[in-house]
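Engineer: Below are the C-alpha cells for one structure; questions will follow.
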Amino acid sequence: MEPSVQTEALSKRYGGRTVVRDLHLIVRPGEVYGFLGPNGAGKTTTLRMLLGLVRPSAGTVRLFGRPPGAGRLADVGALIEGPAFYPYLSGRDNLRVLARHAGVGMDRVALVLDLVHLADRADDRYAGYSLGMKQRLGVAAALLRDPRLLVLDEPTNGLDPAGMADMRQLIRRLGAGGRTVLVASHLLGEVEQICDRVGVIAGGRLVAEGSIAQLRGAVGLWVLADPLDAAVAHARTLVGTERVRVVGGGLELSVAPERAAWLNTELVTAGVAVRELRPRERDLEQVFFDLVEKGTADVA
Amino acid sequence: MSRSFSAEIVKLVRRPSCWLLLGIALVTSLTFTYVLPYASIRSGTGGPNSDRTLPMLLPDQLVGNSLGGLPIFLGAIVLIIGVLVVGSEYGWDTWKTVLSQGPSRLEVYAGKVLALAAAALVVVLAVFAVGAVAGTLIAVTESQPVRWPSIDDLLAGVGAGWLIAVTWTMLGVVLAVAMRSVALPVGLGLVWMLAVQNLLAGVAAPLLDWVAQVQKGLPGPNAGSLVAALGAPRDTPGVAVVVGAGQAVLVLAVYLIAFVLLAALLLRRRDIG
Ligand SMILES: Nc1ncnc2c1ncn2[C@@H]1O[C@H](COP(=O)(O)OP(=O)(O)OP(=O)(O)O)[C@@H](O)[C@H]1O
Ligand SMILES: [Mg+2]
C-alpha cells in the first residue's frame with residue numbers, strides 16, 4: 001500500500017544553518033508513528049514541510065503519493081506547534097469558520113468538540129481559554145475533516161496529567177480505526193505509550209527508526225554468580241565467547257531472555273552458585289540520549 | 001473559493017475592529033463634510049475659508065461630498081482594514097490553522113480579496129447613505145428643495161469610490177503580506193497616506209517639476225483627480241485635479257491589479273511561519 005507520508009532527501013536550510021537534512025521518512029497507513037527528538041531537532045520544521053507551509057530547500061514530500069501544495073491538501077488534519085485561532089471568536093465559531101474553509105458540514109463541529117471534552121466551554125471567547133483548552137481546540141480543529149492522516153505536534157503540551165492521559169487515549173483510539181497518526185514529541189514516555197513505530201530525529205537527521213522494542217536494542221540476561229571466574233568460563237562454553245561480557249562483578253549475556261531457566265540449570269549443574277538472574281533491558285531514556293548525542297555530534 | 005469567501009466574510013463581520021473602523025469612517029466623514037460646515041454656516045462666522053455654502057451640503061451634491069474623503073482619510077481607514085484581514089493571520093499565526101484545513105494559499109487569498117472588495121463597497125455605500133441622510137436633514141431644516149443626483153451620476157460615483165477604496169485596501173494587503181505582520185504595515189501605510197502624500201503634493205511638487213510629474217503616476221493624486229472630477233469639494237485634503245478622470249481610472253486600475261498580483265506572488269512563494 002502507498003505510504004501515508006513519504007519524504008525523500010528532505011532538507012531545510014535557514015540562512016547558513018541546515019535544520020533538517022536528508023530526511024527519508026516513511027509512515028505507513030494505519031500506524032501511529034512517533035517523531036521523537038529534543039528541542040530544536042527539526043520536528044516542527046519537518047511537519048511544516050509535510051503540510052506545504054514551509055518549502056523544502058531540497059528533497060520531496062508525498063502525502064498519499066501526492067505532493068502537498070498541489071491544489072487542496074486532501075485527507076489531512078494537523079496541529080502544528082501549538083494552537084492558533086481567532087481570539088475574538090468563540091471556540092465553536094472558530095471551528096465553524098474552519099469548517100467553511102474545509103468544506104465540511106457544521107455537524108462535525110459539535111462532534112469534535114465532544115471528542116476533546118470542550119463542549120461546555122465552546123461558546124466562550126477563545127481569548128479567554130486556558131492553555132489546555134486552547135490545546136484541545138487545536139486537536140478538535142485537526143479532527144474536523146475526519147482525516148485519514150492526523151499530524152499532531154506536541155499534542156499534550158499544556159495539558160494536566162489527567163488531560164494528558166485523556167489525550168493519549170484519544171490518540172490511540174483515533175489511530176485504531178485505520179487512521180494514520182504522526183505524533184511529534186520530545187516526551188519519550190508519551191511516544192512509548194502511544195506509538196507503534198518511532199523515528200528519532202536529532203540535529204535535523206533521522207538517527208534511528210523502529211519499534212520501541214527495536215530501539216531498546218538487543219536485550220539479554222544479567223547474571224550474578226559465584227565464583228565469577230568459573231561462571232564466566234562456563235557461560236562462554238555454553239553461549240559463545242563473544243556473547244559474554246563481564247561488567248561490574250556480573251555477567252551480561254547477549255542471549256534471548258527466554259533461555260534464563262536453561263542457563264540457570266546449566267550453571268548450577270556445573271557447580272556455579274547463581275545469586276541473581278534477570279532479563280537485561282537497556283534503559284530507554286539512555287538509548288534516547290545516546291542516539292541524540294550521536295546525531296548531534298555527527299552534525300557538529 | 002466560495003468556501004474561503006464565506007469563511008472570510010464571517011471573520012470580517014464578526015470582528016469588532018472592523019465595525020469600529022466603519023464607525024470611525026462614518027463619523028469622520030459626517031463631521032467634516034456636513035456637521036462642521038453646517039455649523040459654520042449657521043453661526044454665520046464663516047472662517048477664513050468659507051467656500052462651503054449651503055448649496056454644497058444639499059442632497060444633489062451627494063456624490064462629490066461622499067467621495068471627498070477617499071484620497072486620504074477614508075483611504076487610510078480601508079487600508080487598515082486590508083492590513084487587518086491579511087496581517088492578522090500572521091499575527092495570530094492562523095495561516096497554518098486555515099491551510100491545514102485543506103484550501104490552497106491562493107484559494108484563501110482569493111477569498112480574502114473578494115471579501116475585502118465587498119467590505120470596501122460596504123464602506124463606500126455607508127458613506128453615501130449617511131451623506132444622503134445628513135443632506136436631507138439639512139435641506140429640510142433649511143427649507144431647501146430635496147433634489148438627488150441622477151442614477152448615472154450616483155452609479156459613477158459609487159463605482160469610482162469603490163475603485164479607490166479597493167485600491168487602498170489592496171495596498172494594505174500588499175504591505176501585510178510583505179511584512180508578515182499588522183503593526184508595521186499599518187504604521188507605514190498611515191505614514192504614506194497621511195504624511196508623505198501631503199508632503200509630496202504640498203511641499204515637493206511645487207518645488208520640483210519632476211516630483212510634480214511623478215505625482216501624476218501615484219495612486220493618491222489620481223484618486224484625488226478622479227473624485228474632483230466627480231464634484232468633491234476642492235478644499236478637501238488630497239482632492240485636486242492633477243490628471244484627467246479617464247486617466248485616473250486607468251492608473252488606479254493598474255495599481256489595483258498590480259497590488260493584487262504582487263501580494264499573491266509573495267504569499268505563494270514565501271514560507272509561512
Ligand atoms: N523560520 C525560521 N527561521 C530560522 N530558523 C528556524 C526557523 N524555524 C525553525 N528554525 C530553526 O530550526 C531548528 C529546528 O526547529 P524546530 O521548530 O523544527 O524544532 P523542534 O524539533 O520542533 O523543537 P521543539 O521540540 O522545541 O518544538 C531550530 O534550531 C530553529 O531555531
Ligand atoms: Mg516543535
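Quick note on naming: the chains in the C-alpha cells go A, B, ... in the order shown, residues restart at 1 in each chain, and ligands are numbered from 1 in order of appearance.
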Return as an MDAnalysis selection string every polymer residue, whether protein, DNA or RNA, with at least one atom no more than 7 Å from an atom of ligand 1; count only C-alpha atoms and all ligand atoms.
Structural biologist: (chainID A and resid 14 19 37:46 81 185:186) or (chainID B and resid 273)
Engineer: Keeping all heavy atoms, export the residues of the selection given above as an mmCIF file, in the first residue's frame.
Structural biologist:
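File part.cif, as written:
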data_model
loop_
_atom_site.group_PDB
_atom_site.id
_atom_site.type_symbol
_atom_site.label_atom_id
_atom_site.label_comp_id
_atom_site.auth_asym_id
_atom_site.auth_seq_id
_atom_site.Cartn_x
_atom_site.Cartn_y
_atom_site.Cartn_z
ATOM 1 N N TYR A 14 17.944 27.359 6.835
ATOM 2 C CA TYR A 14 17.604 28.749 7.132
ATOM 3 C C TYR A 14 18.915 29.503 7.168
ATOM 4 O O TYR A 14 19.737 29.254 8.046
ATOM 5 C CB TYR A 14 16.899 28.877 8.488
ATOM 6 C CG TYR A 14 15.443 28.443 8.457
ATOM 7 C CD1 TYR A 14 15.020 27.343 9.179
ATOM 8 C CD2 TYR A 14 14.512 29.150 7.718
ATOM 9 C CE1 TYR A 14 13.690 26.956 9.168
ATOM 10 C CE2 TYR A 14 13.181 28.762 7.690
ATOM 11 C CZ TYR A 14 12.785 27.675 8.421
ATOM 12 O OH TYR A 14 11.473 27.299 8.406
ATOM 13 N N VAL A 19 18.616 22.832 9.169
ATOM 14 C CA VAL A 19 17.881 22.400 10.361
ATOM 15 C C VAL A 19 17.191 21.061 10.140
ATOM 16 O O VAL A 19 16.822 20.383 11.089
ATOM 17 C CB VAL A 19 16.872 23.468 10.835
ATOM 18 C CG1 VAL A 19 17.585 24.757 11.158
ATOM 19 C CG2 VAL A 19 15.798 23.718 9.808
ATOM 20 N N GLY A 37 12.264 13.716 19.301
ATOM 21 C CA GLY A 37 13.521 14.441 19.220
ATOM 22 C C GLY A 37 13.543 15.565 20.233
ATOM 23 O O GLY A 37 12.500 16.042 20.655
ATOM 24 N N PRO A 38 14.735 15.994 20.632
ATOM 25 C CA PRO A 38 14.837 17.070 21.632
ATOM 26 C C PRO A 38 14.434 18.416 21.030
ATOM 27 O O PRO A 38 14.201 18.514 19.830
ATOM 28 C CB PRO A 38 16.324 17.061 21.995
ATOM 29 C CG PRO A 38 17.012 16.528 20.777
ATOM 30 C CD PRO A 38 16.058 15.550 20.156
ATOM 31 N N ASN A 39 14.363 19.440 21.870
ATOM 32 C CA ASN A 39 14.025 20.780 21.390
ATOM 33 C C ASN A 39 14.969 21.198 20.261
ATOM 34 O O ASN A 39 16.175 20.993 20.349
ATOM 35 C CB ASN A 39 14.151 21.814 22.531
ATOM 36 C CG ASN A 39 13.102 21.612 23.598
ATOM 37 O OD1 ASN A 39 13.373 21.762 24.768
ATOM 38 N ND2 ASN A 39 11.908 21.243 23.194
ATOM 39 N N GLY A 40 14.392 21.755 19.229
ATOM 40 C CA GLY A 40 15.226 22.270 18.142
ATOM 41 C C GLY A 40 15.752 21.207 17.202
ATOM 42 O O GLY A 40 16.593 21.482 16.348
ATOM 43 N N ALA A 41 15.235 19.983 17.315
ATOM 44 C CA ALA A 41 15.741 18.888 16.482
ATOM 45 C C ALA A 41 15.294 19.027 15.030
ATOM 46 O O ALA A 41 15.922 18.482 14.127
ATOM 47 C CB ALA A 41 15.274 17.554 17.041
ATOM 48 N N GLY A 42 14.205 19.743 14.828
ATOM 49 C CA GLY A 42 13.706 19.894 13.452
ATOM 50 C C GLY A 42 12.365 19.220 13.232
ATOM 51 O O GLY A 42 11.915 19.085 12.102
ATOM 52 N N LYS A 43 11.686 18.829 14.308
ATOM 53 C CA LYS A 43 10.393 18.145 14.176
ATOM 54 C C LYS A 43 9.344 19.055 13.540
ATOM 55 O O LYS A 43 8.714 18.700 12.548
ATOM 56 C CB LYS A 43 9.887 17.693 15.559
ATOM 57 C CG LYS A 43 10.847 16.816 16.337
ATOM 58 C CD LYS A 43 10.256 16.391 17.664
ATOM 59 C CE LYS A 43 10.078 17.527 18.657
ATOM 60 N NZ LYS A 43 11.337 18.115 19.139
ATOM 61 N N THR A 44 9.159 20.212 14.151
ATOM 62 C CA THR A 44 8.130 21.117 13.646
ATOM 63 C C THR A 44 8.435 21.552 12.218
ATOM 64 O O THR A 44 7.537 21.616 11.367
ATOM 65 C CB THR A 44 8.015 22.346 14.572
ATOM 66 O OG1 THR A 44 7.692 21.887 15.886
ATOM 67 C CG2 THR A 44 6.934 23.294 14.096
ATOM 68 N N THR A 45 9.690 21.850 11.950
ATOM 69 C CA THR A 45 10.070 22.248 10.593
ATOM 70 C C THR A 45 9.700 21.151 9.600
ATOM 71 O O THR A 45 9.158 21.420 8.526
ATOM 72 C CB THR A 45 11.575 22.543 10.535
ATOM 73 O OG1 THR A 45 11.880 23.521 11.519
ATOM 74 C CG2 THR A 45 11.977 23.048 9.172
ATOM 75 N N THR A 46 9.968 19.905 9.965
ATOM 76 C CA THR A 46 9.618 18.786 9.086
ATOM 77 C C THR A 46 8.110 18.731 8.862
ATOM 78 O O THR A 46 7.645 18.602 7.731
ATOM 79 C CB THR A 46 10.097 17.459 9.706
ATOM 80 O OG1 THR A 46 11.504 17.542 9.920
ATOM 81 C CG2 THR A 46 9.800 16.287 8.779
ATOM 82 N N GLU A 81 2.802 23.005 16.105
ATOM 83 C CA GLU A 81 3.407 23.937 17.049
ATOM 84 C C GLU A 81 2.393 24.825 17.765
ATOM 85 O O GLU A 81 2.405 26.043 17.638
ATOM 86 C CB GLU A 81 4.422 24.821 16.326
ATOM 87 C CG GLU A 81 5.255 25.620 17.300
ATOM 88 C CD GLU A 81 6.564 26.046 16.697
ATOM 89 O OE1 GLU A 81 6.548 26.929 15.850
ATOM 90 O OE2 GLU A 81 7.591 25.473 17.080
ATOM 91 N N SER A 185 6.968 14.632 19.283
ATOM 92 C CA SER A 185 7.045 14.859 20.717
ATOM 93 C C SER A 185 8.494 14.843 21.171
ATOM 94 O O SER A 185 9.344 14.246 20.525
ATOM 95 C CB SER A 185 6.268 13.767 21.449
ATOM 96 O OG SER A 185 6.384 13.937 22.831
ATOM 97 N N HIS A 186 8.749 15.551 22.276
ATOM 98 C CA HIS A 186 10.061 15.381 22.887
ATOM 99 C C HIS A 186 9.921 14.522 24.146
ATOM 100 O O HIS A 186 10.865 14.339 24.880
ATOM 101 C CB HIS A 186 10.706 16.740 23.188
ATOM 102 C CG HIS A 186 9.848 17.629 24.028
ATOM 103 N ND1 HIS A 186 9.150 18.690 23.512
ATOM 104 C CD2 HIS A 186 9.546 17.587 25.333
ATOM 105 C CE1 HIS A 186 8.461 19.268 24.460
ATOM 106 N NE2 HIS A 186 8.683 18.612 25.589
ATOM 107 N N GLY B 273 5.371 30.960 8.604
ATOM 108 C CA GLY B 273 5.780 30.587 9.962
ATOM 109 C C GLY B 273 7.227 30.172 10.054
ATOM 110 O O GLY B 273 7.924 29.955 9.120
#
Engineer: Skipping near chain neighbours, those fewer than 5 positions away, what residues fall within 9 Å of Leu111 (chain A) using only C-alpha atoms, listed as an MDAnalysis selection string?
Structural biologist: chainID A and resid 119 140 144
Engineer: Can I get the selection written as an mmCIF file, in the first residue's frame, with N, CA and C atoms?
Structural biologist:
data_model
loop_
_atom_site.group_PDB
_atom_site.id
_atom_site.type_symbol
_atom_site.label_atom_id
_atom_site.label_comp_id
_atom_site.auth_asym_id
_atom_site.auth_seq_id
_atom_site.Cartn_x
_atom_site.Cartn_y
_atom_site.Cartn_z
ATOM 1 N N ALA A 119 -17.031 20.808 24.932
ATOM 2 C CA ALA A 119 -18.373 21.259 24.552
ATOM 3 C C ALA A 119 -18.906 22.314 25.519
ATOM 4 N N ALA A 140 -9.182 19.472 18.240
ATOM 5 C CA ALA A 140 -10.520 19.392 17.631
ATOM 6 C C ALA A 140 -10.477 19.872 16.184
ATOM 7 N N LEU A 144 -11.438 17.960 12.448
ATOM 8 C CA LEU A 144 -12.646 18.481 11.816
ATOM 9 C C LEU A 144 -12.990 17.751 10.527
#
Engineer: For chain B, list the residues within 6 Å of chain A, counting only C-alpha atoms, and write the list as a VMD selection string.
Structural biologist: chain B and resid 3 to 4 7 93 to 94 100 to 104 271 to 272
Engineer: Next, dump the selected residues to file, keeping only N, CA and C atoms, as a JSON list (two decimals), in the first residue's frame.
Structural biologist:
[["chain", "number", "residue", "atom", "x", "y", "z"],
["B", 3, "ARG", "N", -15.96, 28.74, -0.66],
["B", 3, "ARG", "CA", -15.80, 28.35, 0.75],
["B", 3, "ARG", "C", -14.97, 29.39, 1.49],
["B", 4, "SER", "N", -13.83, 29.73, 0.90],
["B", 4, "SER", "CA", -12.96, 30.69, 1.55],
["B", 4, "SER", "C", -13.63, 32.05, 1.64],
["B", 7, "ALA", "N", -16.03, 32.00, 4.49],
["B", 7, "ALA", "CA", -15.30, 32.00, 5.77],
["B", 7, "ALA", "C", -14.75, 33.39, 6.07],
["B", 93, "ASP", "N", -0.88, 33.82, 13.89],
["B", 93, "ASP", "CA", -0.31, 32.54, 13.44],
["B", 93, "ASP", "C", -1.40, 31.59, 12.92],
["B", 94, "THR", "N", -2.48, 32.18, 12.39],
["B", 94, "THR", "CA", -3.62, 31.33, 12.00],
["B", 94, "THR", "C", -3.54, 30.84, 10.55],
["B", 100, "SER", "N", -4.20, 24.11, 7.09],
["B", 100, "SER", "CA", -4.29, 22.69, 7.45],
["B", 100, "SER", "C", -5.67, 22.12, 7.15],
["B", 101, "GLN", "N", -6.65, 23.00, 6.95],
["B", 101, "GLN", "CA", -7.99, 22.51, 6.61],
["B", 101, "GLN", "C", -8.11, 22.22, 5.12],
["B", 102, "GLY", "N", -7.04, 22.40, 4.38],
["B", 102, "GLY", "CA", -7.08, 21.95, 3.00],
["B", 102, "GLY", "C", -6.98, 22.97, 1.90],
["B", 103, "PRO", "N", -7.52, 24.19, 2.09],
["B", 103, "PRO", "CA", -7.50, 25.09, 0.94],
["B", 103, "PRO", "C", -6.07, 25.48, 0.57],
["B", 104, "SER", "N", -5.86, 25.78, -0.71],
["B", 104, "SER", "CA", -4.55, 26.25, -1.12],
["B", 104, "SER", "C", -4.40, 27.71, -0.70],
["B", 271, "ASP", "N", 7.66, 31.16, 2.79],
["B", 271, "ASP", "CA", 7.29, 30.24, 3.86],
["B", 271, "ASP", "C", 6.28, 30.89, 4.79],
["B", 272, "ILE", "N", 5.47, 30.05, 5.39],
["B", 272, "ILE", "CA", 4.53, 30.55, 6.39],
["B", 272, "ILE", "C", 4.98, 30.04, 7.76]]
Engineer: Identify, on the basis of only C-alpha atoms, every residue whose closest approach to region 293-295 of chain A does not exceed 12 Å; exclude the query and any residue fewer than 4 positions from it along the same chain; express the result as a list in words.
Structural biologist: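 Contacts, in chain order: Val20, Arg21, Gly37, Pro38, Ala41, Val200, Ile201, Ala202, Gly203, Gly204, Arg205, Leu206, Val207, Ala208, Gln286, Val287, Phe288, Phe289, Val299 and Ala300 of chain A.
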Engineer: DSSP on the backbone: what in region 42-270 of chain B comes out helix (DSSP H, G or I), as a VMD selection string?
Structural biologist: chain B and resid 42 to 43 54 to 57 59 to 67 73 to 91 95 to 99 105 to 141 151 to 179 183 to 207 209 to 215 219 to 229 245 to 269
Engineer: When you look at region 253-268 of chain A with a cut-off of 8 Å (counting only C-alpha atoms), what residues show up, excluding the ones that are within fewer than 6 positions of it in the same chain? I need them as a list of chain:residue names.
Structural biologist: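 Once the nearby chain positions are removed, what remains is A:Ala218, A:Val219, A:Gly220, A:Leu221, A:Trp222, A:Val223, A:Ala231, A:His234, A:Ala235, A:Val239, A:Arg243, A:Val244, A:Arg245, A:Val274, A:Leu277, A:Arg278, A:Pro279, A:Arg280.
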Engineer: Generate the output file for the selected residues, all heavy atoms, as a compact mmCIF listing (two decimals), in the first residue's frame.
Structural biologist:
# COMPACT_ATOMS: atom_id res chain seq x y z
N ALA A 218 19.34 -4.83 21.46
CA ALA A 218 19.48 -6.22 21.88
C ALA A 218 19.26 -6.33 23.37
O ALA A 218 19.83 -5.60 24.15
CB ALA A 218 20.85 -6.72 21.51
N VAL A 219 18.40 -7.19 23.75
CA VAL A 219 18.21 -7.45 25.16
C VAL A 219 18.98 -8.72 25.51
O VAL A 219 19.45 -9.44 24.64
CB VAL A 219 16.73 -7.61 25.52
CG1 VAL A 219 16.04 -6.28 25.45
CG2 VAL A 219 16.07 -8.62 24.62
N GLY A 220 19.11 -9.00 26.77
CA GLY A 220 19.88 -10.20 27.14
C GLY A 220 19.61 -10.56 28.58
O GLY A 220 18.55 -10.27 29.12
N LEU A 221 20.59 -11.20 29.21
CA LEU A 221 20.43 -11.63 30.60
C LEU A 221 21.54 -11.04 31.43
O LEU A 221 22.64 -10.80 30.96
CB LEU A 221 20.48 -13.16 30.66
CG LEU A 221 19.24 -13.88 30.12
CD1 LEU A 221 19.51 -15.38 30.03
CD2 LEU A 221 18.03 -13.61 31.00
N TRP A 222 21.18 -10.85 32.65
CA TRP A 222 22.14 -10.32 33.63
C TRP A 222 22.31 -11.38 34.71
O TRP A 222 21.33 -11.89 35.25
CB TRP A 222 21.60 -9.02 34.22
CG TRP A 222 22.31 -8.51 35.44
CD1 TRP A 222 21.84 -8.48 36.70
CD2 TRP A 222 23.62 -7.95 35.49
NE1 TRP A 222 22.75 -7.94 37.56
CE2 TRP A 222 23.86 -7.61 36.82
CE3 TRP A 222 24.61 -7.73 34.52
CZ2 TRP A 222 25.08 -7.04 37.24
CZ3 TRP A 222 25.81 -7.15 34.93
CH2 TRP A 222 26.03 -6.81 36.28
N VAL A 223 23.56 -11.74 34.97
CA VAL A 223 23.80 -12.85 35.91
C VAL A 223 24.82 -12.44 36.96
O VAL A 223 25.86 -11.87 36.65
CB VAL A 223 24.35 -14.09 35.17
CG1 VAL A 223 24.51 -15.26 36.14
CG2 VAL A 223 23.46 -14.47 34.00
N ALA A 231 32.01 -19.05 36.51
CA ALA A 231 30.77 -18.70 35.83
C ALA A 231 31.07 -18.18 34.43
O ALA A 231 30.42 -18.57 33.45
CB ALA A 231 30.01 -17.64 36.63
N HIS A 234 32.30 -21.01 32.11
CA HIS A 234 31.27 -21.94 31.74
C HIS A 234 30.26 -21.29 30.79
O HIS A 234 29.84 -21.90 29.79
CB HIS A 234 30.55 -22.48 32.98
CG HIS A 234 29.81 -23.75 32.68
ND1 HIS A 234 30.44 -24.91 32.24
CD2 HIS A 234 28.48 -24.04 32.70
CE1 HIS A 234 29.55 -25.83 32.02
NE2 HIS A 234 28.34 -25.35 32.30
N ALA A 235 29.90 -20.04 31.09
CA ALA A 235 28.96 -19.33 30.22
C ALA A 235 29.52 -19.22 28.81
O ALA A 235 28.79 -19.36 27.83
CB ALA A 235 28.67 -17.94 30.80
N VAL A 239 27.36 -20.34 25.52
CA VAL A 239 26.72 -19.46 24.54
C VAL A 239 27.70 -18.82 23.56
O VAL A 239 27.28 -18.10 22.65
CB VAL A 239 25.90 -18.34 25.24
CG1 VAL A 239 24.82 -18.93 26.11
CG2 VAL A 239 26.82 -17.42 26.03
N ARG A 243 29.48 -13.52 23.27
CA ARG A 243 28.20 -13.15 23.85
C ARG A 243 28.27 -12.90 25.36
O ARG A 243 27.24 -12.62 25.98
CB ARG A 243 27.16 -14.25 23.60
CG ARG A 243 26.75 -14.33 22.14
CD ARG A 243 25.77 -15.47 21.97
NE ARG A 243 25.39 -15.64 20.58
CZ ARG A 243 24.38 -14.97 20.00
NH1 ARG A 243 23.66 -14.14 20.71
NH2 ARG A 243 24.11 -15.16 18.73
N VAL A 244 29.45 -13.01 25.90
CA VAL A 244 29.57 -12.85 27.35
C VAL A 244 30.49 -11.67 27.65
O VAL A 244 31.60 -11.60 27.13
CB VAL A 244 30.15 -14.13 28.00
CG1 VAL A 244 30.28 -13.95 29.51
CG2 VAL A 244 29.28 -15.32 27.66
N ARG A 245 29.96 -10.75 28.46
CA ARG A 245 30.80 -9.62 28.87
C ARG A 245 30.77 -9.54 30.39
O ARG A 245 29.74 -9.77 31.02
CB ARG A 245 30.26 -8.30 28.32
CG ARG A 245 30.53 -8.09 26.85
CD ARG A 245 30.57 -6.61 26.52
NE ARG A 245 29.39 -5.90 27.02
CZ ARG A 245 29.40 -4.61 27.33
NH1 ARG A 245 30.52 -3.92 27.26
NH2 ARG A 245 28.29 -4.04 27.75
N VAL A 274 24.23 -19.48 41.47
CA VAL A 274 23.62 -18.32 40.82
C VAL A 274 22.87 -17.49 41.85
O VAL A 274 21.95 -17.96 42.48
CB VAL A 274 22.67 -18.77 39.70
CG1 VAL A 274 21.98 -17.56 39.07
CG2 VAL A 274 23.43 -19.56 38.65
N LEU A 277 19.54 -13.67 38.48
CA LEU A 277 19.44 -13.94 37.05
C LEU A 277 18.19 -13.24 36.54
O LEU A 277 17.08 -13.58 36.95
CB LEU A 277 19.33 -15.45 36.81
CG LEU A 277 19.16 -15.92 35.36
CD1 LEU A 277 20.33 -15.50 34.50
CD2 LEU A 277 19.02 -17.44 35.32
N ARG A 278 18.39 -12.21 35.71
CA ARG A 278 17.20 -11.47 35.26
C ARG A 278 17.41 -10.91 33.85
O ARG A 278 18.55 -10.75 33.40
CB ARG A 278 16.84 -10.36 36.23
CG ARG A 278 17.93 -9.34 36.42
CD ARG A 278 17.47 -8.24 37.37
NE ARG A 278 18.59 -7.45 37.83
CZ ARG A 278 19.09 -6.42 37.17
NH1 ARG A 278 18.59 -6.06 36.00
NH2 ARG A 278 20.13 -5.74 37.66
N PRO A 279 16.29 -10.63 33.17
CA PRO A 279 16.39 -10.05 31.82
C PRO A 279 17.08 -8.70 31.90
O PRO A 279 16.88 -7.96 32.87
CB PRO A 279 14.95 -9.88 31.37
CG PRO A 279 14.14 -10.68 32.32
CD PRO A 279 14.89 -10.79 33.59
N ARG A 280 17.92 -8.44 30.93
CA ARG A 280 18.63 -7.16 30.92
C ARG A 280 17.99 -6.29 29.84
O ARG A 280 17.91 -6.67 28.68
CB ARG A 280 20.10 -7.40 30.59
CG ARG A 280 20.95 -6.16 30.53
CD ARG A 280 22.38 -6.56 30.31
NE ARG A 280 22.56 -7.21 29.03
CZ ARG A 280 22.79 -6.56 27.90
NH1 ARG A 280 22.85 -5.26 27.90
NH2 ARG A 280 22.96 -7.23 26.78
Engineer: Show me, as a CSV table (one decimal) with N, CA and C atoms, in the first residue's frame, the residues that have an atom within 12 Å of Asn198 (chain B) when counting only C-alpha atoms, minus same-chain residues fewer than 2 positions from it.
Structural biologist:
chain,number,residue,atom,x,y,z
B,71,PRO,N,-9.4,60.0,-1.1
B,71,PRO,CA,-8.0,60.1,-1.4
B,71,PRO,C,-7.1,60.0,-0.1
B,72,ILE,N,-7.6,60.5,1.0
B,72,ILE,CA,-6.8,60.4,2.2
B,72,ILE,C,-7.4,59.7,3.4
B,73,PHE,N,-8.3,60.3,4.1
B,73,PHE,CA,-8.6,59.7,5.4
B,73,PHE,C,-9.5,58.5,5.3
B,190,LEU,N,-0.1,54.3,7.1
B,190,LEU,CA,-0.6,55.6,7.5
B,190,LEU,C,0.4,56.7,7.3
B,191,VAL,N,1.7,56.4,7.5
B,191,VAL,CA,2.7,57.5,7.2
B,191,VAL,C,2.6,57.9,5.8
B,192,TRP,N,2.5,56.9,4.9
B,192,TRP,CA,2.3,57.2,3.5
B,192,TRP,C,1.1,58.0,3.2
B,193,MET,N,-0.1,57.5,3.7
B,193,MET,CA,-1.3,58.1,3.4
B,193,MET,C,-1.4,59.5,3.9
B,194,LEU,N,-1.0,59.7,5.2
B,194,LEU,CA,-1.3,61.0,5.9
B,194,LEU,C,-0.2,62.0,5.8
B,195,ALA,N,1.0,61.5,5.7
B,195,ALA,CA,2.2,62.4,5.8
B,195,ALA,C,2.8,62.5,4.4
B,196,VAL,N,3.3,61.4,3.9
B,196,VAL,CA,4.2,61.6,2.7
B,196,VAL,C,3.4,62.1,1.5
B,200,LEU,N,4.4,65.5,-0.4
B,200,LEU,CA,4.7,65.5,-1.9
B,200,LEU,C,3.9,66.5,-2.6
B,201,ALA,N,2.6,66.5,-2.3
B,201,ALA,CA,1.7,67.4,-3.0
B,201,ALA,C,1.9,68.8,-2.6
B,202,GLY,N,2.1,69.0,-1.3
B,202,GLY,CA,2.1,70.4,-0.8
B,202,GLY,C,3.5,71.0,-0.8
B,203,VAL,N,4.5,70.3,-0.6
B,203,VAL,CA,5.8,70.8,-0.5
B,203,VAL,C,6.7,70.5,-1.7
B,204,ALA,N,6.8,69.2,-2.0
B,204,ALA,CA,7.8,68.8,-3.0
B,204,ALA,C,7.4,69.2,-4.4
B,205,ALA,N,6.1,68.9,-4.8
B,205,ALA,CA,5.7,69.1,-6.2
B,205,ALA,C,5.8,70.6,-6.6
B,206,PRO,N,5.4,71.5,-5.8
B,206,PRO,CA,5.6,72.9,-6.2
B,206,PRO,C,7.0,73.3,-6.4
B,215,GLN,N,4.1,62.7,-9.4
B,215,GLN,CA,2.8,62.7,-8.8
B,215,GLN,C,1.7,62.2,-9.7
B,220,GLY,N,-2.5,58.3,-5.0
B,220,GLY,CA,-3.2,59.3,-4.3
B,220,GLY,C,-3.7,60.4,-5.2
B,221,PRO,N,-2.8,61.1,-5.9
B,221,PRO,CA,-3.2,62.2,-6.8
B,221,PRO,C,-4.2,61.7,-7.8
B,224,GLY,N,-7.4,61.6,-6.1
B,224,GLY,CA,-7.8,63.0,-5.9
B,224,GLY,C,-8.4,63.6,-7.1
B,236,THR,N,-10.9,69.9,0.2
B,236,THR,CA,-10.6,68.7,1.0
B,236,THR,C,-9.2,68.3,0.7
B,237,PRO,N,-8.4,67.9,1.8
B,237,PRO,CA,-7.0,67.5,1.5
B,237,PRO,C,-7.0,66.3,0.5
B,238,GLY,N,-6.1,66.4,-0.4
B,238,GLY,CA,-5.9,65.3,-1.4
B,238,GLY,C,-6.8,65.4,-2.6
B,239,VAL,N,-7.7,66.3,-2.6
B,239,VAL,CA,-8.6,66.5,-3.7
B,239,VAL,C,-8.0,67.6,-4.6
B,240,ALA,N,-7.6,67.3,-5.8
B,240,ALA,CA,-7.0,68.3,-6.7
B,240,ALA,C,-7.0,67.7,-8.1
Engineer: Which is closer to ligand 2 than all the others in A:Val5, A:Leu187, A:Met106, A:Val32, using only C-alpha atoms and all ligand atoms?
Structural biologist: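 Counting only C-alpha atoms and all ligand atoms, the residue closest to ligand 2 is A:Leu187.
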Engineer: Compile the contact shell of Val243 (chain B) as a list of chain:residue names: residues with an atom at most 7 Å away, counting only C-alpha atoms, same-chain residues fewer than 5 positions apart removed.
Structural biologist: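 So, after excluding close chain neighbours, the residues are B:Lys216, B:Asn222, B:Ser225, B:Ala248.
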Engineer: Just C-alpha atoms for this one: save the residues we selected as a tab-separated table (two decimals), in the first residue's frame.
Structural biologist:
chain	number	residue	atom	x	y	z
B	216	LYS	CA	0.76	62.05	-11.87
B	222	ASN	CA	-5.04	60.01	-9.29
B	225	SER	CA	-8.28	63.86	-9.53
B	248	ALA	CA	-7.10	58.45	-13.20
